[in-house]
Amino acid sequence: MWFSFWRSRDRFTLDELRYLTDQLMKIQVVNDVNKDFVIEALRSIAELITYGDQHDANFFEFFMEKQVMGEFVRILKVSKNAIVSVQLLQTMSIMIQNLKSDHSIYYLFSNEHINFLITYPFDFRNEELLSYYISFLRAISGKLNKNTISLLVKTEKEEIVSFPLYVEAIRFAFHEEGMIRTAVRALTLNIYHVGDVYVNKYIASTPHDAYFVNFVKFFREHCISLNGLISPTTENQGPESTSTILSAVDEIEDNLYYLSDVVSAGIPDVGTLITDSMLKLLVFPLLLPSLRIEVSNGMKFSSVTSLYLLVCMLRILKIKDLANTVAAALICSIDTLLPSSEAKVNGFKDDHDETHESHVDDENPSGNLVPSSMVVSIPSLSTSSSVQHKGWGSASVLRDALISYITSGDDTQVVGSLSVLATFLQTKELDESMLDALGILPQRKQHKKLLLKALVGEDTGEEQLFASKNCTSKDGSDGELNVYLQRLKDQYEVSCSYQEVGESPRVHRYLVLDALISLFCRTNISAETLWDGGWLLRQLLPYSDTEFTTHHLQSLKDSLKKCCSQLADEERGSWPDLLIQVICDEWRKCKRAIEASSPRKEPKSILFPTKKSSTSEVMPIESSFAAGEIMYERVKVFVLLHELQIFSAGRSLPDQPPILPPADFPEISRAKSAGLNIIGPKLSTEINLVDAVPCRIAFERGKERHFSFLAISMGTSGWIILAEEFPQKPRYGTVRVVAPLSGCNPRIDERHSRWLHLRIRPSTLPLNETAKNAANLKLKSKSLVDGRWTLAFKDEASCQSALNMINEEIDLQCNEVERRLKPLISEEM
């Protein structure tokens, strides 16, 4: 009998739920004595209700009959202990998340208990309590649909006047804790994507629409913080600063993806509000001016940051008005953004220029700019095109500023400008008239446009389609260009005027084409960056050579000729044994890169460009690693220019470069005499030492060893071999040490004529470790050290014989490399 009384109750029964509910109802005040029971009862009730939802409907019937939700609210009122509040919120979250029955969810949402919990004045100084509160709100949002959302709002005359879930959630939208911000964003998106007309109207109405403006301001602060990280560290980024920048970049891109999701919900006026806020609070006052000027009010914005942010915004926010308005602003004079007397080129000093303060008035809720701060005039294209001849300071159109960066900027600015143009080119929301005005309307679209004009009887279209490339005719701005120029004036209080351009429409693209050809001729830009320019060129001119001028073709030819000369030097450099393989690999990569349908890099690559490294700053210039870096860079530039040469001639790119096959294995050679097969020497294999020279070397201090020295080449490969002679089998031995022949730089010691010094480089260049950027190179510079051998011979004649053997085999090896590369190089020399 006593055993039956004390035995534990079955937890998952209706009796257990009834018992817990009865005990909870008896609680009048929650104190230190009973708080543990209350916490356990709340937790157990959540488990029982979840179990009953899946197995027995009577559980939830009892829950409704006894109005347990009301008991939860009462317990909260009579408790002053934060841990009980935490458990109550956790109980509600578990129930809401796990209830599958629509009937159960409707019941929970159909009374005011949920809204009471949402609006209850919890002490959010308790971080744990805040975390569970946000989880509770997010759990509610996960169950929203067009039926349930109506249960959480209050209406008057078919208008929503209260929506506690949304209002309370966005209070924490900009909380310092990232997890809370993420949860609030997920909650808001759940609400936006329900698609309830009345809820959407409530969200987009005043004062709730201020959330979107405030979010853009929050985003702007992150952009300013990123700029502060970029400016002082652009030239010398260590691992810590790089990590900090990447974290800031991730936050910025997450913000943009959130805004993109908000826009995709299709709430009327919200997309327009976000667009206006981005333009008025960020693009017009900070990003666009920084492409041409510096601001000295403590909020300097670098051109690199601006280029990155523009690319990010355009790629992530697929908003037609945003893309077209930014494009229209880029063809406006720089004087629109700041008085001309106060503007100066970003990154270039002018003693006659003064700085100007640029800021946004955060107290202005609409974010409107002062009208007088932006006065736009659209100059004739003949005026703006003079940027190429007069340099940085003369360019007044932001489009021409991008072109100036390509022709005169550093790697970072070039990558940024190319990325902006590539992004516009890939933006489906952008009108073709914008692409034409920017100079990046692809040739096929240009022909289609002119053909359409010719078919409908417009003389200008027919004339331009069949006219020579140097002829000019009148072609005013068409499409939506005028619409957005007018919008700059009317909506953004920017004074715009547009002077119709009296030149061929091709002249826009010629500006960009000239800049790209100029870029390919530059020697201070990394090959990776030049490849990005190659992709853009192929997009603009995908199938024809008709737009290349004689000057273009000659410039490309001259640059390729210089590259051929440099590549000829590499044939007798430190890495001739890898040269052909690197050329073939990079040929395929380059062809794939410039023929790709989209750019191969993410926007963040603008902040971390592969700069043309000065390897002498990291390691000695005589290092084989430095020589390998130079060889790799030269090959990439050569391959690009060679493929552009083929493309400019109107031919299709082959899959492989024109390289001769390996020569037959010669009958008379040291390799043949040593008994080596086509694979080459392997450790512990037996070889003939007929031409070997005895020597001594100490790989460890005080431990000198005797070897037989051989230098052997086979085709484009070559090795230095140290073998141990068999005592019972003279002139035969076992291979003990093998090192590359190329790059060994043999040298007889000036003081000891029997000593031969050799530099021993690795068999392969660890490009994955060293070729990324200078920062990584500096980090690994200690491990990138060439080996050094000093071989001691019995007399001067033996030492000289070994030196001659090395030089002879290197000469044979390099001759084979030259022979195989002759069709590739000689035709361009």
# chains A, B, ... in the order shown; residues from 1 in each chain; ligands from 1

call {"tool": "residues_around", "arguments": {"residues": "range 142-159 of chain A", "least_positions_apart": "2", "cutoff": "10 Å", "atoms": "only C-alpha atoms", "output": "ChimeraX atom specification"}}
result
/A:96-97,99-100,102,105-112,114-115,137-140,161-166,186-187,189-191,193-199,201-202

call {"tool": "write_last_selection", "arguments": {"atoms": "N, CA and C atoms", "output": "CSV table (one decimal), in the first residue's frame"}}
result
chain,number,residue,atom,x,y,z
A,96,ILE,N,4.5,27.3,-28.6
A,96,ILE,CA,4.2,27.9,-29.9
A,96,ILE,C,5.0,27.2,-31.0
A,97,GLN,N,6.2,27.0,-30.8
A,97,GLN,CA,7.1,26.4,-31.8
A,97,GLN,C,6.6,24.9,-32.1
A,99,LEU,N,3.6,23.3,-31.4
A,99,LEU,CA,2.2,23.0,-31.7
A,99,LEU,C,1.9,22.9,-33.2
A,100,LYS,N,1.4,21.8,-33.6
A,100,LYS,CA,1.2,21.6,-35.1
A,100,LYS,C,-0.3,21.9,-35.5
A,102,ASP,N,-3.6,23.7,-36.1
A,102,ASP,CA,-4.0,25.1,-36.3
A,102,ASP,C,-5.0,25.5,-35.2
A,105,ILE,N,-3.1,26.8,-32.2
A,105,ILE,CA,-2.4,28.1,-32.4
A,105,ILE,C,-3.5,29.2,-32.4
A,106,TYR,N,-4.6,28.9,-33.0
A,106,TYR,CA,-5.7,29.9,-33.0
A,106,TYR,C,-6.1,30.3,-31.6
A,107,TYR,N,-6.2,29.2,-30.8
A,107,TYR,CA,-6.6,29.5,-29.4
A,107,TYR,C,-5.6,30.3,-28.7
A,108,LEU,N,-4.3,30.0,-28.8
A,108,LEU,CA,-3.3,30.8,-28.1
A,108,LEU,C,-3.3,32.3,-28.5
A,109,PHE,N,-3.6,32.5,-29.9
A,109,PHE,CA,-3.5,33.8,-30.4
A,109,PHE,C,-4.8,34.6,-30.3
A,110,SER,N,-5.9,33.9,-30.0
A,110,SER,CA,-7.2,34.5,-30.1
A,110,SER,C,-7.6,35.3,-28.8
A,111,ASN,N,-6.9,35.3,-27.8
A,111,ASN,CA,-7.2,36.1,-26.6
A,111,ASN,C,-6.0,37.1,-26.4
A,112,GLU,N,-6.2,38.0,-25.5
A,112,GLU,CA,-5.2,39.0,-25.3
A,112,GLU,C,-4.0,38.6,-24.4
A,114,ILE,N,-1.5,36.7,-25.2
A,114,ILE,CA,-0.2,36.8,-25.9
A,114,ILE,C,0.2,38.3,-26.0
A,115,ASN,N,-0.7,39.1,-26.3
A,115,ASN,CA,-0.3,40.6,-26.4
A,115,ASN,C,0.1,41.1,-25.1
A,137,LEU,N,9.1,36.2,-29.1
A,137,LEU,CA,8.5,37.0,-30.2
A,137,LEU,C,8.8,36.3,-31.5
A,138,ARG,N,10.0,35.8,-31.7
A,138,ARG,CA,10.3,35.1,-33.0
A,138,ARG,C,9.5,33.9,-33.2
A,139,ALA,N,9.2,33.1,-32.1
A,139,ALA,CA,8.4,31.9,-32.2
A,139,ALA,C,7.0,32.3,-32.6
A,140,ILE,N,6.5,33.4,-32.1
A,140,ILE,CA,5.1,33.8,-32.5
A,140,ILE,C,5.1,34.1,-34.0
A,161,VAL,N,-4.8,49.7,-35.7
A,161,VAL,CA,-4.3,50.8,-34.8
A,161,VAL,C,-3.2,50.3,-33.9
A,162,SER,N,-3.1,49.0,-33.7
A,162,SER,CA,-2.1,48.5,-32.8
A,162,SER,C,-1.6,47.1,-33.3
A,163,PHE,N,-0.3,46.9,-33.2
A,163,PHE,CA,0.3,45.6,-33.6
A,163,PHE,C,1.5,45.5,-32.6
A,164,PRO,N,1.2,45.1,-31.4
A,164,PRO,CA,2.3,45.0,-30.4
A,164,PRO,C,3.5,44.1,-30.8
A,165,LEU,N,3.3,43.0,-31.4
A,165,LEU,CA,4.4,42.1,-31.8
A,165,LEU,C,5.4,42.9,-32.6
A,166,TYR,N,5.0,43.6,-33.6
A,166,TYR,CA,5.9,44.3,-34.5
A,166,TYR,C,6.5,45.5,-33.8
A,186,ALA,N,14.6,38.4,-38.6
A,186,ALA,CA,13.8,37.3,-39.0
A,186,ALA,C,12.4,37.4,-38.7
A,187,LEU,N,12.1,38.0,-37.5
A,187,LEU,CA,10.7,38.3,-37.1
A,187,LEU,C,10.0,39.2,-38.1
A,189,LEU,N,10.7,39.9,-41.1
A,189,LEU,CA,10.6,39.3,-42.5
A,189,LEU,C,9.4,38.4,-42.5
A,190,ASN,N,9.2,37.6,-41.4
A,190,ASN,CA,8.1,36.8,-41.3
A,190,ASN,C,6.8,37.6,-41.4
A,191,ILE,N,6.7,38.7,-40.8
A,191,ILE,CA,5.5,39.6,-40.8
A,191,ILE,C,5.4,40.2,-42.2
A,193,HIS,N,6.3,39.1,-45.1
A,193,HIS,CA,6.0,38.1,-46.1
A,193,HIS,C,4.7,37.4,-45.9
A,194,VAL,N,4.0,37.7,-44.9
A,194,VAL,CA,2.6,37.2,-44.8
A,194,VAL,C,1.8,37.8,-45.9
A,195,GLY,N,2.0,39.0,-46.3
A,195,GLY,CA,1.3,39.6,-47.4
A,195,GLY,C,-0.1,40.1,-47.0
A,196,ASP,N,-0.4,40.5,-45.8
A,196,ASP,CA,-1.6,41.0,-45.4
A,196,ASP,C,-1.7,42.5,-45.8
A,197,VAL,N,-2.7,42.9,-46.5
A,197,VAL,CA,-2.8,44.3,-47.0
A,197,VAL,C,-2.8,45.3,-45.9
A,198,TYR,N,-3.6,45.0,-44.9
A,198,TYR,CA,-3.8,46.0,-43.8
A,198,TYR,C,-2.6,46.1,-42.9
A,199,VAL,N,-1.9,44.9,-42.7
A,199,VAL,CA,-0.7,45.0,-41.9
A,199,VAL,C,0.4,45.7,-42.7
A,201,LYS,N,0.0,48.1,-44.8
A,201,LYS,CA,-0.4,49.5,-44.8
A,201,LYS,C,0.0,50.1,-43.4
A,202,TYR,N,-0.2,49.4,-42.4
A,202,TYR,CA,0.2,49.8,-41.0
A,202,TYR,C,1.7,50.0,-40.9

call {"tool": "select_by_dssp", "arguments": {"residues": "range 195-289 of chain A", "states": "helix (DSSP H, G or I)", "output": "ChimeraX atom specification"}}
result
/A:197-203,210-233,239-264,270-289

call {"tool": "closest_residue", "arguments": {"among": "A:Ser131, A:Ser93, A:Thr529, A:Gln656", "to": "Arg588 in chain A", "atoms": "only C-alpha atoms"}}
result
A:Gln656

call {"tool": "residues_around", "arguments": {"residues": "Arg315 in chain A", "least_positions_apart": "3", "cutoff": "12 Å", "atoms": "only C-alpha atoms", "output": "PyMOL selection string"}}
result
chain A and resi 253+256-257+260+308-312+318-320+322-323+419-430+598-599+602-604

call {"tool": "closest_residue", "arguments": {"among": "A:Ser826, A:Thr685, A:Thr325, A:Asn126", "to": "Leu488 in chain A", "atoms": "only C-alpha atoms"}}
result
A:Thr325

call {"tool": "closest_residue", "arguments": {"among": "A:Cys799, A:Ile274, A:Ala649, A:Cys695", "to": "Thr550 in chain A", "atoms": "only C-alpha atoms"}}
result
A:Ala649

call {"tool": "residues_around", "arguments": {"residues": "Leu821 in chain A", "least_positions_apart": "6", "cutoff": "8 Å", "atoms": "only C-alpha atoms", "output": "list in words"}}
result
Ile580, Pro658, Ile659 and Leu660 of chain A
